[in-house]
Amino acid sequence: MCPTEQTAIKVSPAAAAVLAAFVLLSSPEILAALLLAALAHEWGHYLALRALGGRVDAITVTALGAEMHIAPQSRLSYGGEIGATLAGPAVNLLLALLLGFCGRRVPFCYLLAGAQFILGVFNLLPITPLDGGSILWLVVAWLTEPYTADRAAADVGLAASILLLAVTALLGCHMGGGGFLVLTALWLLLTALRQKLRLT
């Protein structure tokens, strides 16, 4: 990402640890494909925010992507925030389609397309802090009010994270590997549990 000069960038220790683990355990091709997908994803968010009038004060790179902090004076409407949130996965899915066509001539593009597709779909899961969880909260808050949105996001996120952990563990047992997916699902489950406990 190439933010404006007024945008501060912070990297969490968890993000650095995940990147180091990928460097040690993944092939360079897979790592490159995932990093390009993540870059495209965050560019989608950033460009949509700027197009909608939002000013990004700071970007925090986390284990699951980047969190963009919008300046209070340029907060978006619920509809604007939903659009900006959808932009990241939308860019991934569009690139997955385009790269899939390119794969007929350049086989490596199939790997790039797969990374774009997986990242785009994964981020649409209704689990906070993924984009799908944010969209769920925004839609419910828009239709009702923030307190109801908090509870709905917590309940749906907890159920979805339990299901995700069960699916990734089952796939790992039957197909082998998938350790990163299981760990990611476990981390999301713990995050969902903390969110649920804060509301009880």
# chains A, B, ... in the order shown; residues from 1 in each chain; ligands from 1
$ residues_around --residues "A:Glu81" --least-positions-apart "5" --cutoff "9 Å" --atoms "only C-alpha atoms" --output "tab-separated table (two decimals) with N, CA, C and O atoms, in the first residue's frame"
chain	number	residue	atom	x	y	z
A	49	LEU	N	-12.28	4.37	0.28
A	49	LEU	CA	-12.40	5.37	1.35
A	49	LEU	C	-12.09	6.77	0.83
A	49	LEU	O	-12.82	7.72	1.11
A	52	LEU	N	-14.81	8.13	-1.41
A	52	LEU	CA	-16.02	8.49	-0.69
A	52	LEU	C	-15.82	9.66	0.27
A	52	LEU	O	-16.73	10.04	1.00
A	75	ARG	N	-15.78	11.04	8.84
A	75	ARG	CA	-16.48	9.77	8.98
A	75	ARG	C	-17.51	9.61	7.88
A	75	ARG	O	-18.14	10.57	7.43
A	76	LEU	N	-17.71	8.38	7.43
A	76	LEU	CA	-18.65	8.09	6.36
A	76	LEU	C	-20.01	7.69	6.94
A	76	LEU	O	-20.13	7.34	8.10
A	86	LEU	N	-16.81	-3.35	1.44
A	86	LEU	CA	-16.99	-4.33	0.36
A	86	LEU	C	-15.92	-4.20	-0.72
A	86	LEU	O	-15.66	-5.17	-1.46
A	135	ILE	N	-19.45	-5.66	7.89
A	135	ILE	CA	-20.64	-5.38	7.08
A	135	ILE	C	-21.90	-5.77	7.83
A	135	ILE	O	-22.91	-5.04	7.82
A	138	LEU	N	-22.58	-3.09	10.40
A	138	LEU	CA	-23.04	-1.84	9.78
A	138	LEU	C	-24.48	-1.95	9.30
A	138	LEU	O	-25.28	-1.02	9.49
$ closest_residue --among "A:Ala154, A:Leu130, A:Ile82, A:Leu111" --to "A:Ala192" --atoms "only C-alpha atoms"
A:Ala154
$ select_by_dssp --residues "chain A" --states "helix (DSSP H, G or I)" --output "MDAnalysis selection string"
chainID A and resid 13:25 28:51 72:74 78:102 108:123 131:143 146:175 179:198
$ atom_distance --atom1 "atom CA of A:Ala113" --atom2 "atom CA of A:Leu99"
5.1 Å
$ residues_around --residues "A:Ser77" --least-positions-apart "6" --cutoff "12 Å" --atoms "only C-alpha atoms" --output "list in words"
Leu49, Leu52, Gly53, Gly54, Gly83, Ala84, Leu138, Val139, Ala141 and Trp142 of chain A
$ closest_atom_pairs --of "stretch 89-197 of chain A" --to "stretch 30-35 of chain A" --cutoff "9 Å" --atoms "only C-alpha atoms" --output "JSON lines"
{"residue": "A:Leu111", "atom": "CA", "partner": "A:Ala33", "partner_atom": "CA", "distance": 6.8}
{"residue": "A:Leu112", "atom": "CA", "partner": "A:Ala33", "partner_atom": "CA", "distance": 5.0}
{"residue": "A:Ala113", "atom": "CA", "partner": "A:Ala33", "partner_atom": "CA", "distance": 8.3}
{"residue": "A:Gly114", "atom": "CA", "partner": "A:Ala33", "partner_atom": "CA", "distance": 8.5}
{"residue": "A:Ala115", "atom": "CA", "partner": "A:Leu34", "partner_atom": "CA", "distance": 5.6}
{"residue": "A:Gln116", "atom": "CA", "partner": "A:Leu34", "partner_atom": "CA", "distance": 7.5}
{"residue": "A:Leu119", "atom": "CA", "partner": "A:Leu34", "partner_atom": "CA", "distance": 8.0}
$ atom_distance --atom1 "atom CA of A:Glu145" --atom2 "atom CA of A:Thr191"
22.5 Å
$ residues_around --residues "A:Asn123" --least-positions-apart "5" --cutoff "7 Å" --atoms "only C-alpha atoms" --output "count of residues only"
4
$ select_by_dssp --residues "stretch 4-194 of chain A" --states "strand (DSSP E)" --output "list of chain:residue names"
A:Ala8, A:Ile9, A:Lys10, A:Val11, A:Val56, A:Asp57, A:Ala58, A:Ile59, A:Thr60, A:Val61, A:Thr62, A:Gly65, A:Ala66, A:Glu67, A:Met68, A:His69, A:Ile70
$ write_last_selection --atoms "N, CA, C and O atoms" --output "PDB file, in the first residue's frame"
ATOM      1  N   ALA A   8      -0.125   7.455   9.123  1.00  0.00           N
ATOM      2  CA  ALA A   8       0.857   6.694   9.902  1.00  0.00           C
ATOM      3  C   ALA A   8       0.605   5.205   9.728  1.00  0.00           C
ATOM      4  O   ALA A   8      -0.545   4.755   9.689  1.00  0.00           O
ATOM      5  N   ILE A   9       1.674   4.441   9.594  1.00  0.00           N
ATOM      6  CA  ILE A   9       1.563   2.993   9.427  1.00  0.00           C
ATOM      7  C   ILE A   9       2.199   2.296  10.629  1.00  0.00           C
ATOM      8  O   ILE A   9       3.338   2.589  10.986  1.00  0.00           O
ATOM      9  N   LYS A  10       1.444   1.390  11.242  1.00  0.00           N
ATOM     10  CA  LYS A  10       1.934   0.620  12.378  1.00  0.00           C
ATOM     11  C   LYS A  10       1.804  -0.869  12.056  1.00  0.00           C
ATOM     12  O   LYS A  10       0.848  -1.274  11.400  1.00  0.00           O
ATOM     13  N   VAL A  11       2.751  -1.648  12.525  1.00  0.00           N
ATOM     14  CA  VAL A  11       2.726  -3.095  12.310  1.00  0.00           C
ATOM     15  C   VAL A  11       2.656  -3.783  13.671  1.00  0.00           C
ATOM     16  O   VAL A  11       3.521  -3.559  14.527  1.00  0.00           O
ATOM     17  N   VAL A  56      -7.780   8.762   5.758  1.00  0.00           N
ATOM     18  CA  VAL A  56      -7.194   7.724   6.607  1.00  0.00           C
ATOM     19  C   VAL A  56      -6.057   8.330   7.417  1.00  0.00           C
ATOM     20  O   VAL A  56      -5.050   8.777   6.865  1.00  0.00           O
ATOM     21  N   ASP A  57      -6.232   8.364   8.735  1.00  0.00           N
ATOM     22  CA  ASP A  57      -5.207   8.908   9.640  1.00  0.00           C
ATOM     23  C   ASP A  57      -4.081   7.919   9.875  1.00  0.00           C
ATOM     24  O   ASP A  57      -2.916   8.285   9.937  1.00  0.00           O
ATOM     25  N   ALA A  58      -4.443   6.646  10.061  1.00  0.00           N
ATOM     26  CA  ALA A  58      -3.444   5.632  10.408  1.00  0.00           C
ATOM     27  C   ALA A  58      -3.868   4.275   9.874  1.00  0.00           C
ATOM     28  O   ALA A  58      -5.063   4.003   9.698  1.00  0.00           O
ATOM     29  N   ILE A  59      -2.888   3.440   9.600  1.00  0.00           N
ATOM     30  CA  ILE A  59      -3.119   2.068   9.157  1.00  0.00           C
ATOM     31  C   ILE A  59      -2.334   1.146  10.073  1.00  0.00           C
ATOM     32  O   ILE A  59      -1.132   1.327  10.257  1.00  0.00           O
ATOM     33  N   THR A  60      -3.031   0.195  10.684  1.00  0.00           N
ATOM     34  CA  THR A  60      -2.382  -0.779  11.546  1.00  0.00           C
ATOM     35  C   THR A  60      -2.418  -2.135  10.853  1.00  0.00           C
ATOM     36  O   THR A  60      -3.496  -2.662  10.566  1.00  0.00           O
ATOM     37  N   VAL A  61      -1.253  -2.670  10.549  1.00  0.00           N
ATOM     38  CA  VAL A  61      -1.163  -3.978   9.912  1.00  0.00           C
ATOM     39  C   VAL A  61      -1.262  -5.041  11.002  1.00  0.00           C
ATOM     40  O   VAL A  61      -0.449  -5.069  11.935  1.00  0.00           O
ATOM     41  N   THR A  62      -2.276  -5.910  10.904  1.00  0.00           N
ATOM     42  CA  THR A  62      -2.513  -6.940  11.900  1.00  0.00           C
ATOM     43  C   THR A  62      -2.274  -8.315  11.291  1.00  0.00           C
ATOM     44  O   THR A  62      -1.944  -8.433  10.113  1.00  0.00           O
ATOM     45  N   GLY A  65      -4.651  -8.745   8.285  1.00  0.00           N
ATOM     46  CA  GLY A  65      -4.783  -7.690   7.282  1.00  0.00           C
ATOM     47  C   GLY A  65      -4.428  -6.345   7.845  1.00  0.00           C
ATOM     48  O   GLY A  65      -3.502  -6.208   8.639  1.00  0.00           O
ATOM     49  N   ALA A  66      -5.188  -5.329   7.464  1.00  0.00           N
ATOM     50  CA  ALA A  66      -4.898  -3.970   7.911  1.00  0.00           C
ATOM     51  C   ALA A  66      -6.175  -3.309   8.408  1.00  0.00           C
ATOM     52  O   ALA A  66      -7.258  -3.525   7.856  1.00  0.00           O
ATOM     53  N   GLU A  67      -6.039  -2.527   9.472  1.00  0.00           N
ATOM     54  CA  GLU A  67      -7.156  -1.743   9.995  1.00  0.00           C
ATOM     55  C   GLU A  67      -6.895  -0.285   9.653  1.00  0.00           C
ATOM     56  O   GLU A  67      -5.841   0.253   9.984  1.00  0.00           O
ATOM     57  N   MET A  68      -7.850   0.337   8.974  1.00  0.00           N
ATOM     58  CA  MET A  68      -7.702   1.734   8.582  1.00  0.00           C
ATOM     59  C   MET A  68      -8.519   2.610   9.511  1.00  0.00           C
ATOM     60  O   MET A  68      -9.707   2.377   9.708  1.00  0.00           O
ATOM     61  N   HIS A  69      -7.855   3.590  10.091  1.00  0.00           N
ATOM     62  CA  HIS A  69      -8.498   4.496  11.040  1.00  0.00           C
ATOM     63  C   HIS A  69      -8.838   5.794  10.323  1.00  0.00           C
ATOM     64  O   HIS A  69      -7.947   6.506   9.854  1.00  0.00           O
ATOM     65  N   ILE A  70     -10.131   6.090  10.237  1.00  0.00           N
ATOM     66  CA  ILE A  70     -10.602   7.268   9.506  1.00  0.00           C
ATOM     67  C   ILE A  70     -10.623   8.457  10.454  1.00  0.00           C
ATOM     68  O   ILE A  70     -11.045   8.344  11.605  1.00  0.00           O
TER      69      ILE A  70
END
